[in-house]
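Visitor: First, the structure itself, so that you have it in front of you.
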Amino acid sequence: MTSIERFSSLHRQGLVRIAAATPKGSVGDVAANAEGIVALARAAAEGGADLVLFPELCLSSYAIDDLHLQDALLDRVEQEIGRIVAASGELPMMLIGAPLRRAGQIYNCALAIAGGRLLGVVPKSFLPNYREYYEKRWFAPGAGITGLDIAVAGETVPFGTDLLFAAEGMRDFIVHAEICEDYWAPLPPSTMGALAGALILCNLSASNITIGKARDRHLLSASQSARCIAAYAYSAAGAGESTTDLAWDGQAMVHEMGDLIAESTRFDDTPELLYADVDLQRLRLERMRNGTFNDSAVAAGHPERRFRRIPFPFARREGDRGLSRAVRRFPFVPADPQQLDADCYEAFNIQVEGLVTRFRATSGRHLVIGVSGGLDSTHALIVAAKACDRMGLPRSTILGYTMPGFATGERTKDNAWALMRALGVSGEEIDIRPAARQMLTDMQHPFAAGEPVYDVTFENVQAGLRTDYLFRLANRHGGFVVGTGDLSELALGWCTYGVGDQMSHYAVNSGVPKTLIQFLIRWCIATGQFDETAAHVLDDVLNTEISPELVPADAHGALQSTEERVGPYALNDFFLHHIVRQGLPPSKVAFLAWHAWRDADQGSWPPGYPEAGRVSYDLPTIRRWLDNFLYRFFTISQFKRSALPNGPKISAAGALSPRGDWRAPSDGTARLWLDELAAALGPAPERSA
């Protein structure tokens, strides 16, 4: 087995594939239903499924009313269960719905089947008996039934609402089953199942369809998966049920932590298998860092003590089976236009509100900001302008300074001035070259003697002088310095520490990644936050290559490029989100990035993203820049974040403030993460300086 086969395996990356089945049913033809169940399970096996979820009472049919009380039907149900179990040896784990007798009562049940065994039976806890529902006429409620067994088709197996089904050889593959009405209850049984350790919550449903009910099911599934930090799979009965007074739509869907992963077609006359790959590692890690989830388990009396964990055989598979879930190229930027608009509105106004609150808390008279004509300072400036509008202050309250150095380009300098004029801020220019040259001379730097030496000292003399000027100007004019550096730069350590762009009185961009800043500026243009003149300048800034402009152009006229040095910000922001927010190992991050970025023609791009920027990255490229990110993030940058100024948290995906989302030692090393990546993908390539 090759390393790429191990790397591309869903199971090795902590994912499992769920197939939510919507078979074409019958009106009480148990044999036909059984044949349909086995046929779909075999198809699911060919599709790489690890778990197949079927609807409620799919073996007997749901809408057969008093036929559930006929022994002939119930006998045939048990007979067909035996046949399904016998056929299950090479099939995925199955959850099927069937009516079963026990102690003189009938229960509406979920049966777990795997490896040629009936693992256990879970009765429906809550029976609807209102409006069109009449289940208590036929079934006994399962609520409170624990610790019992049931005889089915010649086997005696665990019976009760206290069952979890756990895969052998994959620790996170733990399943809980509930049935239809159970998750419409104020306290769904799956809540306790999740607190007991289940990461996959399954609902076998025969819910009939009425106007708007599909939206309600989405709401319930999404909210339960979010509250329980779990995957929630739902499968409802479809074509073939009796339509005496009701109709059925066959809705199937899978949610993960509130997000819809996959959804079936509805009102289809043919059987369907909906595939969704759920990330169990992500769920487990999220539970580990969520203290409220674990406190809830304590408050509930440690439900894991009350559940029986039933093992089932499971063999990991290697190789690339594709990925049945969308992976966002830009974790901080949604591809849905409405969600993107809402996110940009919130992000921009969070920044404005934070700056307004801080300014009012000081005795300052001015906001002092360095304006380079680049992306970050442009965004900080328009946030400051809007903050002045909100406070009823003239925009001349903002003191903007453009400070050209040895490599400042005419385009960025012109844009800096054009934007300051368009916004009506107080603008000035300070040429830092004489002061920088004097400092380099005092240090006996080779550049002062005419040598073309453009080292880190040469760069940081310029960066430091700009910040030094801004702080002293703030002292002189009674103001405070608005920082411009963003979240991506903090992650990479791409900032000058102390007397440099790492420091300010308030770091308004510190919670915003570079990829989101680009869309925030686009949003300001699209929504008319500023006049047409300002919008024109903002558009030109967006189309300017990202550069610190600290080193003169080379002999070919090429400018210093940030992304050639530290890697594409699109990839760096992807790495940042999955490593810092989710805690995933580097090999898993590479796996997800590979699926997100390997084909530019697949998947969704955020609206308005430039066609020229719609690129793809192969695995070696992803690996190269991930290795670089790990080194920069874990080894050389934390001390800068440990001394980070205040700034607003913007995204739920996290920030890097040592007082907030991220606490880490300044003396750390990336070795552990680099070793993990090397173990999966081989020796590391040469690292970018």
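Quick note on naming: the chains in the structure tokens go A, B, ... in the order shown, residues restart at 1 in each chain, and ligands are numbered from 1 in order of appearance.
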Find the residues near Lys24 of chain A: any atom within 10 Å, counting only C-alpha atoms, skip ones fewer than 4 places away on the same chain, and give them as a list in words.

Guide: Ala32, Asn33, Gly36, Ile37, Cys58, Ala237, Gly238, Ala239, Gly240, Glu241, Gly250, Asp268, Asp269, Thr270, Pro271 and Glu272 of chain A

Visitor: Could you pull out the residues in segment 355-519 of chain A that DSSP calls strand (DSSP E) from the backbone, as a ChimeraX atom specification?

Guide: /A:366-370,398-402,426-429,479-483,506-507

Visitor: Could those selected residues go to a file with all heavy atoms, as a compact mmCIF listing (two decimals), in the first residue's frame?

Guide:
```txt
# COMPACT_ATOMS: atom_id res chain seq x y z
N HIS A 366 -8.15 62.28 17.81
CA HIS A 366 -7.91 61.88 16.43
C HIS A 366 -7.63 60.37 16.34
O HIS A 366 -7.10 59.76 17.27
CB HIS A 366 -6.71 62.63 15.84
CG HIS A 366 -6.95 64.09 15.68
ND1 HIS A 366 -7.72 64.61 14.66
CD2 HIS A 366 -6.52 65.16 16.42
CE1 HIS A 366 -7.76 65.92 14.77
NE2 HIS A 366 -7.04 66.29 15.83
N LEU A 367 -7.96 59.82 15.18
CA LEU A 367 -7.54 58.47 14.80
C LEU A 367 -6.35 58.63 13.87
O LEU A 367 -6.44 59.33 12.85
CB LEU A 367 -8.66 57.73 14.09
CG LEU A 367 -9.96 57.52 14.88
CD1 LEU A 367 -11.09 57.09 13.95
CD2 LEU A 367 -9.74 56.48 15.95
N VAL A 368 -5.24 57.99 14.20
CA VAL A 368 -4.02 58.12 13.42
C VAL A 368 -3.77 56.80 12.70
O VAL A 368 -3.75 55.73 13.32
CB VAL A 368 -2.82 58.47 14.32
CG1 VAL A 368 -1.53 58.54 13.51
CG2 VAL A 368 -3.07 59.78 15.05
N ILE A 369 -3.58 56.87 11.38
CA ILE A 369 -3.47 55.64 10.61
C ILE A 369 -2.48 55.83 9.47
O ILE A 369 -2.44 56.87 8.82
CB ILE A 369 -4.86 55.21 10.07
CG1 ILE A 369 -4.77 53.87 9.35
CG2 ILE A 369 -5.47 56.27 9.18
CD1 ILE A 369 -6.14 53.28 9.05
N GLY A 370 -1.63 54.83 9.26
CA GLY A 370 -0.73 54.82 8.12
C GLY A 370 -1.44 54.25 6.91
O GLY A 370 -2.02 53.16 6.98
N ILE A 398 -9.78 61.80 11.27
CA ILE A 398 -8.77 60.80 10.92
C ILE A 398 -7.55 61.51 10.35
O ILE A 398 -7.66 62.30 9.40
CB ILE A 398 -9.31 59.80 9.88
CG1 ILE A 398 -10.55 59.08 10.41
CG2 ILE A 398 -8.23 58.80 9.48
CD1 ILE A 398 -11.29 58.29 9.35
N LEU A 399 -6.39 61.23 10.92
CA LEU A 399 -5.13 61.75 10.41
C LEU A 399 -4.44 60.61 9.66
O LEU A 399 -3.92 59.67 10.26
CB LEU A 399 -4.24 62.25 11.55
CG LEU A 399 -4.88 63.28 12.50
CD1 LEU A 399 -3.86 63.73 13.54
CD2 LEU A 399 -5.41 64.49 11.71
N GLY A 400 -4.50 60.67 8.34
CA GLY A 400 -3.91 59.64 7.51
C GLY A 400 -2.54 60.07 7.01
O GLY A 400 -2.36 61.20 6.55
N TYR A 401 -1.57 59.15 7.10
CA TYR A 401 -0.20 59.46 6.68
C TYR A 401 0.27 58.40 5.69
O TYR A 401 0.23 57.20 5.98
CB TYR A 401 0.75 59.49 7.88
CG TYR A 401 0.45 60.62 8.84
CD1 TYR A 401 -0.43 60.42 9.91
CD2 TYR A 401 1.03 61.87 8.68
CE1 TYR A 401 -0.72 61.45 10.79
CE2 TYR A 401 0.74 62.91 9.56
CZ TYR A 401 -0.13 62.69 10.61
OH TYR A 401 -0.42 63.72 11.48
N THR A 402 0.70 58.85 4.55
CA THR A 402 1.38 57.95 3.62
C THR A 402 2.87 58.22 3.75
O THR A 402 3.31 59.38 3.78
CB THR A 402 0.88 58.13 2.18
OG1 THR A 402 1.54 57.19 1.35
CG2 THR A 402 1.11 59.54 1.65
N SER A 426 -7.96 63.82 6.83
CA SER A 426 -6.80 64.71 6.84
C SER A 426 -5.58 63.90 6.40
O SER A 426 -5.16 62.97 7.09
CB SER A 426 -6.57 65.29 8.24
OG SER A 426 -7.70 66.02 8.66
N GLY A 427 -5.01 64.22 5.26
CA GLY A 427 -3.90 63.45 4.72
C GLY A 427 -2.60 64.23 4.69
O GLY A 427 -2.58 65.43 4.38
N GLU A 428 -1.52 63.54 5.00
CA GLU A 428 -0.19 64.12 4.91
C GLU A 428 0.78 63.05 4.41
O GLU A 428 0.49 61.85 4.46
CB GLU A 428 0.29 64.65 6.26
CG GLU A 428 -0.44 65.90 6.73
CD GLU A 428 0.22 66.52 7.94
OE1 GLU A 428 1.47 66.44 8.03
OE2 GLU A 428 -0.49 67.08 8.78
N GLU A 429 1.94 63.51 3.94
CA GLU A 429 2.98 62.61 3.45
C GLU A 429 4.27 62.88 4.19
O GLU A 429 4.70 64.03 4.34
CB GLU A 429 3.18 62.78 1.95
CG GLU A 429 4.21 61.83 1.35
CD GLU A 429 4.28 61.93 -0.15
OE1 GLU A 429 3.20 61.97 -0.80
OE2 GLU A 429 5.41 61.98 -0.70
N GLY A 479 -4.17 61.58 19.85
CA GLY A 479 -4.96 60.53 19.23
C GLY A 479 -4.39 59.16 19.54
O GLY A 479 -3.53 59.01 20.41
N PHE A 480 -4.89 58.17 18.84
CA PHE A 480 -4.30 56.85 19.00
C PHE A 480 -4.18 56.18 17.64
O PHE A 480 -4.89 56.50 16.69
CB PHE A 480 -5.06 55.98 20.00
CG PHE A 480 -6.40 55.47 19.54
CD1 PHE A 480 -6.51 54.25 18.87
CD2 PHE A 480 -7.55 56.17 19.80
CE1 PHE A 480 -7.73 53.76 18.47
CE2 PHE A 480 -8.78 55.70 19.40
CZ PHE A 480 -8.88 54.50 18.73
N VAL A 481 -3.24 55.22 17.57
CA VAL A 481 -2.88 54.59 16.31
C VAL A 481 -3.82 53.42 16.02
O VAL A 481 -3.99 52.52 16.84
CB VAL A 481 -1.42 54.09 16.34
CG1 VAL A 481 -1.07 53.38 15.03
CG2 VAL A 481 -0.47 55.24 16.61
N VAL A 482 -4.41 53.44 14.84
CA VAL A 482 -5.25 52.35 14.38
C VAL A 482 -4.37 51.36 13.61
O VAL A 482 -3.76 51.71 12.60
CB VAL A 482 -6.38 52.86 13.46
CG1 VAL A 482 -7.23 51.69 12.95
CG2 VAL A 482 -7.25 53.86 14.20
N GLY A 483 -4.29 50.12 14.11
CA GLY A 483 -3.49 49.10 13.44
C GLY A 483 -4.15 48.63 12.16
O GLY A 483 -5.38 48.66 12.02
N TYR A 506 -4.98 50.08 18.76
CA TYR A 506 -6.15 49.23 18.55
C TYR A 506 -6.02 48.58 17.18
O TYR A 506 -5.94 49.27 16.16
CB TYR A 506 -7.45 50.03 18.64
CG TYR A 506 -8.69 49.17 18.69
CD1 TYR A 506 -9.01 48.44 19.83
CD2 TYR A 506 -9.54 49.09 17.59
CE1 TYR A 506 -10.14 47.64 19.87
CE2 TYR A 506 -10.69 48.30 17.63
CZ TYR A 506 -10.98 47.57 18.78
OH TYR A 506 -12.10 46.79 18.82
N ALA A 507 -5.99 47.23 17.16
CA ALA A 507 -5.74 46.48 15.93
C ALA A 507 -7.08 46.09 15.29
O ALA A 507 -7.58 44.99 15.48
CB ALA A 507 -4.89 45.25 16.23
```

Visitor: Where in segment 49-116 of chain A does DSSP assign alpha helix (DSSP H), given as a list in words?

Guide: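 DSSP-assigned alpha helix (DSSP H) residues in segment 49-116 of chain A: Asp71, Ala72, Leu73, Leu74, Asp75, Arg76, Val77, Glu78, Gln79, Glu80, Ile81, Gly82, Arg83, Ile84, Val85, Ala86 and Ala87 of chain A.
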
Visitor: If you measure from atom CA of Leu201 of chain A to atom CA of Val85 of chain A, what distance in Å do you get, rounded to one decimal?

Guide: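 The value is 22.0 Å.
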
Visitor: Near segment 512-521 of chain A, counting only C-alpha atoms, which residues have an atom at most 8 Å away, once you skip same-chain residues fewer than 4 positions from it, shown as JSON, numbers by chain?

Guide: {"A": [330, 332, 333, 344, 347, 348, 375, 376, 379, 486, 487, 488, 489, 525, 538, 542, 569, 570, 573, 649, 650, 651]}

Visitor: Filtering to N, CA and C atoms, could you give me those residues as an mmCIF file, in the first residue's frame?

Guide:
```
data_model
loop_
_atom_site.group_PDB
_atom_site.id
_atom_site.type_symbol
_atom_site.label_atom_id
_atom_site.label_comp_id
_atom_site.auth_asym_id
_atom_site.auth_seq_id
_atom_site.Cartn_x
_atom_site.Cartn_y
_atom_site.Cartn_z
ATOM 1 N N PHE A 330 -12.668 28.657 0.724
ATOM 2 C CA PHE A 330 -12.449 29.804 1.601
ATOM 3 C C PHE A 330 -13.284 29.610 2.864
ATOM 4 N N PHE A 332 -13.479 31.156 5.533
ATOM 5 C CA PHE A 332 -13.966 32.399 6.126
ATOM 6 C C PHE A 332 -14.940 33.144 5.213
ATOM 7 N N VAL A 333 -15.129 32.620 3.987
ATOM 8 C CA VAL A 333 -15.928 33.335 2.990
ATOM 9 C C VAL A 333 -16.950 32.370 2.384
ATOM 10 N N CYS A 344 -20.558 39.741 5.473
ATOM 11 C CA CYS A 344 -19.799 40.983 5.272
ATOM 12 C C CYS A 344 -20.422 42.141 6.048
ATOM 13 N N ALA A 347 -19.410 41.514 9.697
ATOM 14 C CA ALA A 347 -17.980 41.695 9.934
ATOM 15 C C ALA A 347 -17.599 43.174 9.911
ATOM 16 N N PHE A 348 -18.060 43.880 8.892
ATOM 17 C CA PHE A 348 -17.716 45.297 8.770
ATOM 18 C C PHE A 348 -18.245 46.093 9.959
ATOM 19 N N LEU A 375 -3.962 46.645 0.651
ATOM 20 C CA LEU A 375 -5.253 46.080 1.023
ATOM 21 C C LEU A 375 -5.628 46.375 2.476
ATOM 22 N N ASP A 376 -4.723 46.077 3.416
ATOM 23 C CA ASP A 376 -5.063 46.162 4.834
ATOM 24 C C ASP A 376 -5.268 47.596 5.298
ATOM 25 N N HIS A 379 -8.532 48.946 4.034
ATOM 26 C CA HIS A 379 -9.713 48.497 4.767
ATOM 27 C C HIS A 379 -9.798 49.166 6.139
ATOM 28 N N ASP A 486 -3.582 42.195 9.552
ATOM 29 C CA ASP A 486 -4.734 41.297 9.589
ATOM 30 C C ASP A 486 -4.407 39.957 10.236
ATOM 31 N N LEU A 487 -5.429 39.120 10.352
ATOM 32 C CA LEU A 487 -5.317 37.816 11.006
ATOM 33 C C LEU A 487 -4.335 36.902 10.284
ATOM 34 N N SER A 488 -4.354 36.920 8.968
ATOM 35 C CA SER A 488 -3.467 36.045 8.193
ATOM 36 C C SER A 488 -2.004 36.391 8.451
ATOM 37 N N GLU A 489 -1.700 37.682 8.496
ATOM 38 C CA GLU A 489 -0.329 38.097 8.760
ATOM 39 C C GLU A 489 0.106 37.707 10.168
ATOM 40 N N ILE A 525 -18.043 48.276 -1.879
ATOM 41 C CA ILE A 525 -18.287 48.817 -3.215
ATOM 42 C C ILE A 525 -19.702 48.480 -3.667
ATOM 43 N N LEU A 538 -11.081 51.911 -4.403
ATOM 44 C CA LEU A 538 -11.133 50.620 -3.719
ATOM 45 C C LEU A 538 -10.986 49.471 -4.707
ATOM 46 N N LEU A 542 -7.990 46.509 -4.898
ATOM 47 C CA LEU A 542 -8.250 45.071 -4.975
ATOM 48 C C LEU A 542 -7.459 44.409 -6.093
ATOM 49 N N TYR A 569 -2.401 33.402 0.015
ATOM 50 C CA TYR A 569 -3.230 33.627 1.196
ATOM 51 C C TYR A 569 -4.467 32.735 1.192
ATOM 52 N N ALA A 570 -4.949 32.347 0.010
ATOM 53 C CA ALA A 570 -6.092 31.444 -0.036
ATOM 54 C C ALA A 570 -5.763 30.133 0.669
ATOM 55 N N ASP A 573 -5.051 30.833 4.626
ATOM 56 C CA ASP A 573 -6.280 30.983 5.407
ATOM 57 C C ASP A 573 -6.991 29.644 5.569
ATOM 58 N N LYS A 649 -12.791 40.369 17.803
ATOM 59 C CA LYS A 649 -12.977 39.065 17.175
ATOM 60 C C LYS A 649 -14.096 39.207 16.141
ATOM 61 N N ILE A 650 -13.867 38.689 14.945
ATOM 62 C CA ILE A 650 -14.818 38.871 13.851
ATOM 63 C C ILE A 650 -15.540 37.576 13.511
ATOM 64 N N SER A 651 -14.782 36.521 13.308
ATOM 65 C CA SER A 651 -15.348 35.269 12.817
ATOM 66 C C SER A 651 -15.479 34.248 13.935
#
```

Visitor: I'd like the contact shell of segment 220-233 of chain A - 9 Å cut-off, only C-alpha atoms, skipping same-chain residues fewer than 5 positions apart - returned as a PyMOL selection string.

Guide: chain A and resi 18-20+53+183-184+188+190-191+194-195+198-204+215+252-260+278-280+283-284+286-287+293

Visitor: Counting only C-alpha atoms, what is within 12 Å of Glu686 of chain A, bar same-chain residues fewer than 5 positions away, as a PyMOL selection string?

Guide: chain A and resi 620-621+623-628+631

Visitor: Quick one: write out the picked residues with N, CA and C atoms as a PDB file, in the first residue's frame?

Guide:
```
ATOM      1  N   PRO A 620       1.592  18.433  -4.213  1.00  0.00           N
ATOM      2  CA  PRO A 620       2.927  18.925  -3.830  1.00  0.00           C
ATOM      3  C   PRO A 620       2.942  20.412  -3.477  1.00  0.00           C
ATOM      4  N   THR A 621       2.164  21.215  -4.213  1.00  0.00           N
ATOM      5  CA  THR A 621       2.110  22.648  -3.908  1.00  0.00           C
ATOM      6  C   THR A 621       1.452  22.886  -2.558  1.00  0.00           C
ATOM      7  N   ARG A 623       1.316  20.788  -0.118  1.00  0.00           N
ATOM      8  CA  ARG A 623       2.247  20.291   0.904  1.00  0.00           C
ATOM      9  C   ARG A 623       3.354  21.311   1.172  1.00  0.00           C
ATOM     10  N   ARG A 624       3.908  21.896   0.110  1.00  0.00           N
ATOM     11  CA  ARG A 624       4.994  22.862   0.278  1.00  0.00           C
ATOM     12  C   ARG A 624       4.569  24.031   1.161  1.00  0.00           C
ATOM     13  N   TRP A 625       3.398  24.599   0.856  1.00  0.00           N
ATOM     14  CA  TRP A 625       2.983  25.783   1.599  1.00  0.00           C
ATOM     15  C   TRP A 625       2.430  25.436   2.974  1.00  0.00           C
ATOM     16  N   LEU A 626       1.908  24.237   3.133  1.00  0.00           N
ATOM     17  CA  LEU A 626       1.471  23.817   4.466  1.00  0.00           C
ATOM     18  C   LEU A 626       2.675  23.628   5.378  1.00  0.00           C
ATOM     19  N   ASP A 627       3.710  23.024   4.855  1.00  0.00           N
ATOM     20  CA  ASP A 627       4.936  22.874   5.629  1.00  0.00           C
ATOM     21  C   ASP A 627       5.457  24.239   6.065  1.00  0.00           C
ATOM     22  N   ASN A 628       5.437  25.191   5.153  1.00  0.00           N
ATOM     23  CA  ASN A 628       5.886  26.548   5.465  1.00  0.00           C
ATOM     24  C   ASN A 628       4.990  27.203   6.512  1.00  0.00           C
ATOM     25  N   TYR A 631       5.700  25.758  10.039  1.00  0.00           N
ATOM     26  CA  TYR A 631       6.937  26.289  10.604  1.00  0.00           C
ATOM     27  C   TYR A 631       6.744  27.719  11.087  1.00  0.00           C
TER      28      TYR A 631
END
```

Visitor: Near Cys180 of chain A, counting only C-alpha atoms, which residues have an atom at most 10 Å away, once you skip same-chain residues fewer than 4 positions from it, shown as a list in words?

Guide: Pro55, Glu56, Lys124, Ser125, Phe126, Leu127, Pro128, Trp184, Ala185, Cys202, Asn203, Leu204, Ser205, Ala206, Ser207, Arg217, Tyr234, Ser235 and Ala236 of chain A

Visitor: Generate a file of the selected residues that holds all heavy atoms, formatted as a short mmCIF file (atom, residue, chain, number, x, y, z; two decimals), in the first residue's frame.

Guide:
```cif
data_model
loop_
_atom_site.label_atom_id
_atom_site.label_comp_id
_atom_site.auth_asym_id
_atom_site.auth_seq_id
_atom_site.Cartn_x
_atom_site.Cartn_y
_atom_site.Cartn_z
N PRO A 55 -35.86 4.20 6.27
CA PRO A 55 -36.96 4.88 6.97
C PRO A 55 -37.62 4.01 8.04
O PRO A 55 -37.42 2.80 8.14
CB PRO A 55 -37.95 5.20 5.84
CG PRO A 55 -37.15 5.13 4.58
CD PRO A 55 -36.11 4.07 4.83
N GLU A 56 -38.45 4.66 8.81
CA GLU A 56 -39.27 4.04 9.85
C GLU A 56 -40.22 3.00 9.24
O GLU A 56 -40.85 3.24 8.21
CB GLU A 56 -40.06 5.15 10.53
CG GLU A 56 -41.05 4.72 11.59
CD GLU A 56 -41.85 5.90 12.14
OE1 GLU A 56 -41.80 6.99 11.51
OE2 GLU A 56 -42.51 5.73 13.17
N LYS A 124 -39.16 3.04 19.52
CA LYS A 124 -39.51 4.45 19.43
C LYS A 124 -39.98 4.95 20.78
O LYS A 124 -40.86 4.34 21.41
CB LYS A 124 -40.59 4.64 18.37
CG LYS A 124 -40.95 6.08 18.04
CD LYS A 124 -41.92 6.12 16.86
CE LYS A 124 -42.28 7.53 16.43
NZ LYS A 124 -43.16 7.53 15.24
N SER A 125 -39.42 6.05 21.23
CA SER A 125 -39.77 6.55 22.57
C SER A 125 -41.11 7.25 22.60
O SER A 125 -41.94 7.00 23.48
CB SER A 125 -38.68 7.52 23.06
OG SER A 125 -37.48 6.85 23.34
N PHE A 126 -41.34 8.15 21.65
CA PHE A 126 -42.53 9.00 21.67
C PHE A 126 -43.43 8.69 20.48
O PHE A 126 -42.99 8.75 19.33
CB PHE A 126 -42.12 10.47 21.67
CG PHE A 126 -41.24 10.85 22.84
CD1 PHE A 126 -39.89 11.09 22.66
CD2 PHE A 126 -41.77 10.93 24.11
CE1 PHE A 126 -39.08 11.41 23.74
CE2 PHE A 126 -40.97 11.25 25.19
CZ PHE A 126 -39.62 11.50 25.01
N LEU A 127 -44.67 8.36 20.78
CA LEU A 127 -45.63 7.97 19.75
C LEU A 127 -46.62 9.10 19.53
O LEU A 127 -47.38 9.47 20.43
CB LEU A 127 -46.39 6.71 20.18
CG LEU A 127 -45.52 5.49 20.51
CD1 LEU A 127 -46.39 4.35 21.02
CD2 LEU A 127 -44.73 5.05 19.29
N PRO A 128 -46.65 9.67 18.33
CA PRO A 128 -47.61 10.74 18.07
C PRO A 128 -49.03 10.20 18.04
O PRO A 128 -49.30 9.16 17.44
CB PRO A 128 -47.18 11.26 16.70
CG PRO A 128 -46.52 10.10 16.04
CD PRO A 128 -45.84 9.35 17.13
N TRP A 184 -38.92 15.41 17.46
CA TRP A 184 -39.85 16.52 17.59
C TRP A 184 -40.16 16.80 19.07
O TRP A 184 -40.83 17.78 19.39
CB TRP A 184 -41.16 16.22 16.85
CG TRP A 184 -41.01 16.09 15.36
CD1 TRP A 184 -40.55 15.01 14.68
CD2 TRP A 184 -41.32 17.08 14.38
NE1 TRP A 184 -40.55 15.26 13.33
CE2 TRP A 184 -41.03 16.53 13.10
CE3 TRP A 184 -41.84 18.37 14.43
CZ2 TRP A 184 -41.22 17.22 11.91
CZ3 TRP A 184 -42.04 19.06 13.23
CH2 TRP A 184 -41.73 18.49 12.00
N ALA A 185 -39.69 15.94 19.94
CA ALA A 185 -39.93 16.09 21.38
C ALA A 185 -39.01 17.16 21.96
O ALA A 185 -37.93 17.43 21.41
CB ALA A 185 -39.69 14.75 22.08
N CYS A 202 -29.00 9.08 14.18
CA CYS A 202 -29.79 8.67 13.03
C CYS A 202 -31.28 8.70 13.36
O CYS A 202 -31.68 8.30 14.46
CB CYS A 202 -29.40 7.26 12.58
SG CYS A 202 -27.73 7.16 11.93
N ASN A 203 -32.06 9.15 12.39
CA ASN A 203 -33.50 9.20 12.56
C ASN A 203 -34.16 8.43 11.43
O ASN A 203 -34.07 8.81 10.26
CB ASN A 203 -33.99 10.65 12.57
CG ASN A 203 -35.45 10.77 12.96
OD1 ASN A 203 -36.32 10.11 12.41
ND2 ASN A 203 -35.72 11.64 13.92
N LEU A 204 -34.83 7.35 11.80
CA LEU A 204 -35.65 6.58 10.87
C LEU A 204 -37.05 7.17 10.92
O LEU A 204 -37.70 7.14 11.97
CB LEU A 204 -35.69 5.11 11.24
CG LEU A 204 -34.37 4.33 11.31
CD1 LEU A 204 -33.64 4.57 12.63
CD2 LEU A 204 -34.64 2.84 11.15
N SER A 205 -37.53 7.72 9.82
CA SER A 205 -38.77 8.48 9.85
C SER A 205 -39.74 7.99 8.77
O SER A 205 -39.32 7.50 7.72
CB SER A 205 -38.49 9.97 9.65
OG SER A 205 -39.69 10.71 9.61
N ALA A 206 -41.03 8.14 9.07
CA ALA A 206 -42.07 7.93 8.05
C ALA A 206 -42.97 9.16 8.01
O ALA A 206 -44.15 9.08 7.70
CB ALA A 206 -42.87 6.68 8.34
N SER A 207 -42.39 10.30 8.34
CA SER A 207 -43.13 11.54 8.41
C SER A 207 -43.83 11.85 7.10
O SER A 207 -43.19 11.93 6.04
CB SER A 207 -42.15 12.67 8.77
OG SER A 207 -42.76 13.92 8.71
N ARG A 217 -38.29 19.99 9.24
CA ARG A 217 -37.35 18.88 9.42
C ARG A 217 -35.91 19.38 9.32
O ARG A 217 -35.02 18.96 10.08
CB ARG A 217 -37.60 17.81 8.36
CG ARG A 217 -38.95 17.11 8.43
CD ARG A 217 -39.05 16.20 7.22
NE ARG A 217 -40.38 15.60 7.05
CZ ARG A 217 -40.87 15.28 5.86
NH1 ARG A 217 -40.17 15.51 4.76
NH2 ARG A 217 -42.06 14.71 5.76
N TYR A 234 -31.04 11.70 8.50
CA TYR A 234 -32.50 11.58 8.52
C TYR A 234 -32.96 10.94 7.22
O TYR A 234 -32.50 11.32 6.13
CB TYR A 234 -33.11 12.98 8.67
CG TYR A 234 -34.62 13.03 8.66
CD1 TYR A 234 -35.35 12.96 9.85
CD2 TYR A 234 -35.33 13.16 7.47
CE1 TYR A 234 -36.73 13.02 9.85
CE2 TYR A 234 -36.71 13.22 7.46
CZ TYR A 234 -37.41 13.15 8.65
OH TYR A 234 -38.78 13.21 8.65
N SER A 235 -33.86 9.97 7.32
CA SER A 235 -34.43 9.33 6.14
C SER A 235 -35.92 9.11 6.36
O SER A 235 -36.32 8.45 7.33
CB SER A 235 -33.74 8.00 5.85
OG SER A 235 -34.32 7.39 4.70
N ALA A 236 -36.74 9.68 5.47
CA ALA A 236 -38.20 9.58 5.59
C ALA A 236 -38.78 8.73 4.47
O ALA A 236 -38.23 8.68 3.36
CB ALA A 236 -38.83 10.97 5.58
#
```

Visitor: Calculated over only C-alpha atoms, which of the candidates A:Thr669, A:Ser396, A:Gln13, A:Thr544 has the smallest distance to Ser372 of chain A?

Guide: A:Thr544

Visitor: What separation in Å, quoted to one decimal, exists between atom CA of Ala416 of chain A and atom CA of Arg433 of chain A?

Guide: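 Between atom CA of Ala416 of chain A and atom CA of Arg433 of chain A the gap is 17.8 Å.
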
Visitor: Can you pull out the residues contacting Gly608 of chain A? Cut-off 9 Å, using only C-alpha atoms, and skip same-chain residues under 3 positions away; I want them as a ChimeraX atom specification.

Guide: /A:519,522,605,611

Visitor: Atom CA of Val121 of chain A and atom CA of Leu285 of chain A are how many Å apart?

Guide: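 That distance, rounded to one decimal, is 29.5 Å.
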
Visitor: Identify which of the residues A:Thr292, A:Ala436, A:Arg641, A:Ala684 lies closest to Arg659 of chain A, counting only C-alpha atoms when measuring atom-to-atom distances.

Guide: A:Arg641

Visitor: Which residue out of A:Ala63, A:Ser637, A:Cys388, A:Pro645 has the minimum interatomic distance to Tyr134 of chain A when only C-alpha atoms are used?

Guide: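 Closest candidate: A:Ala63.
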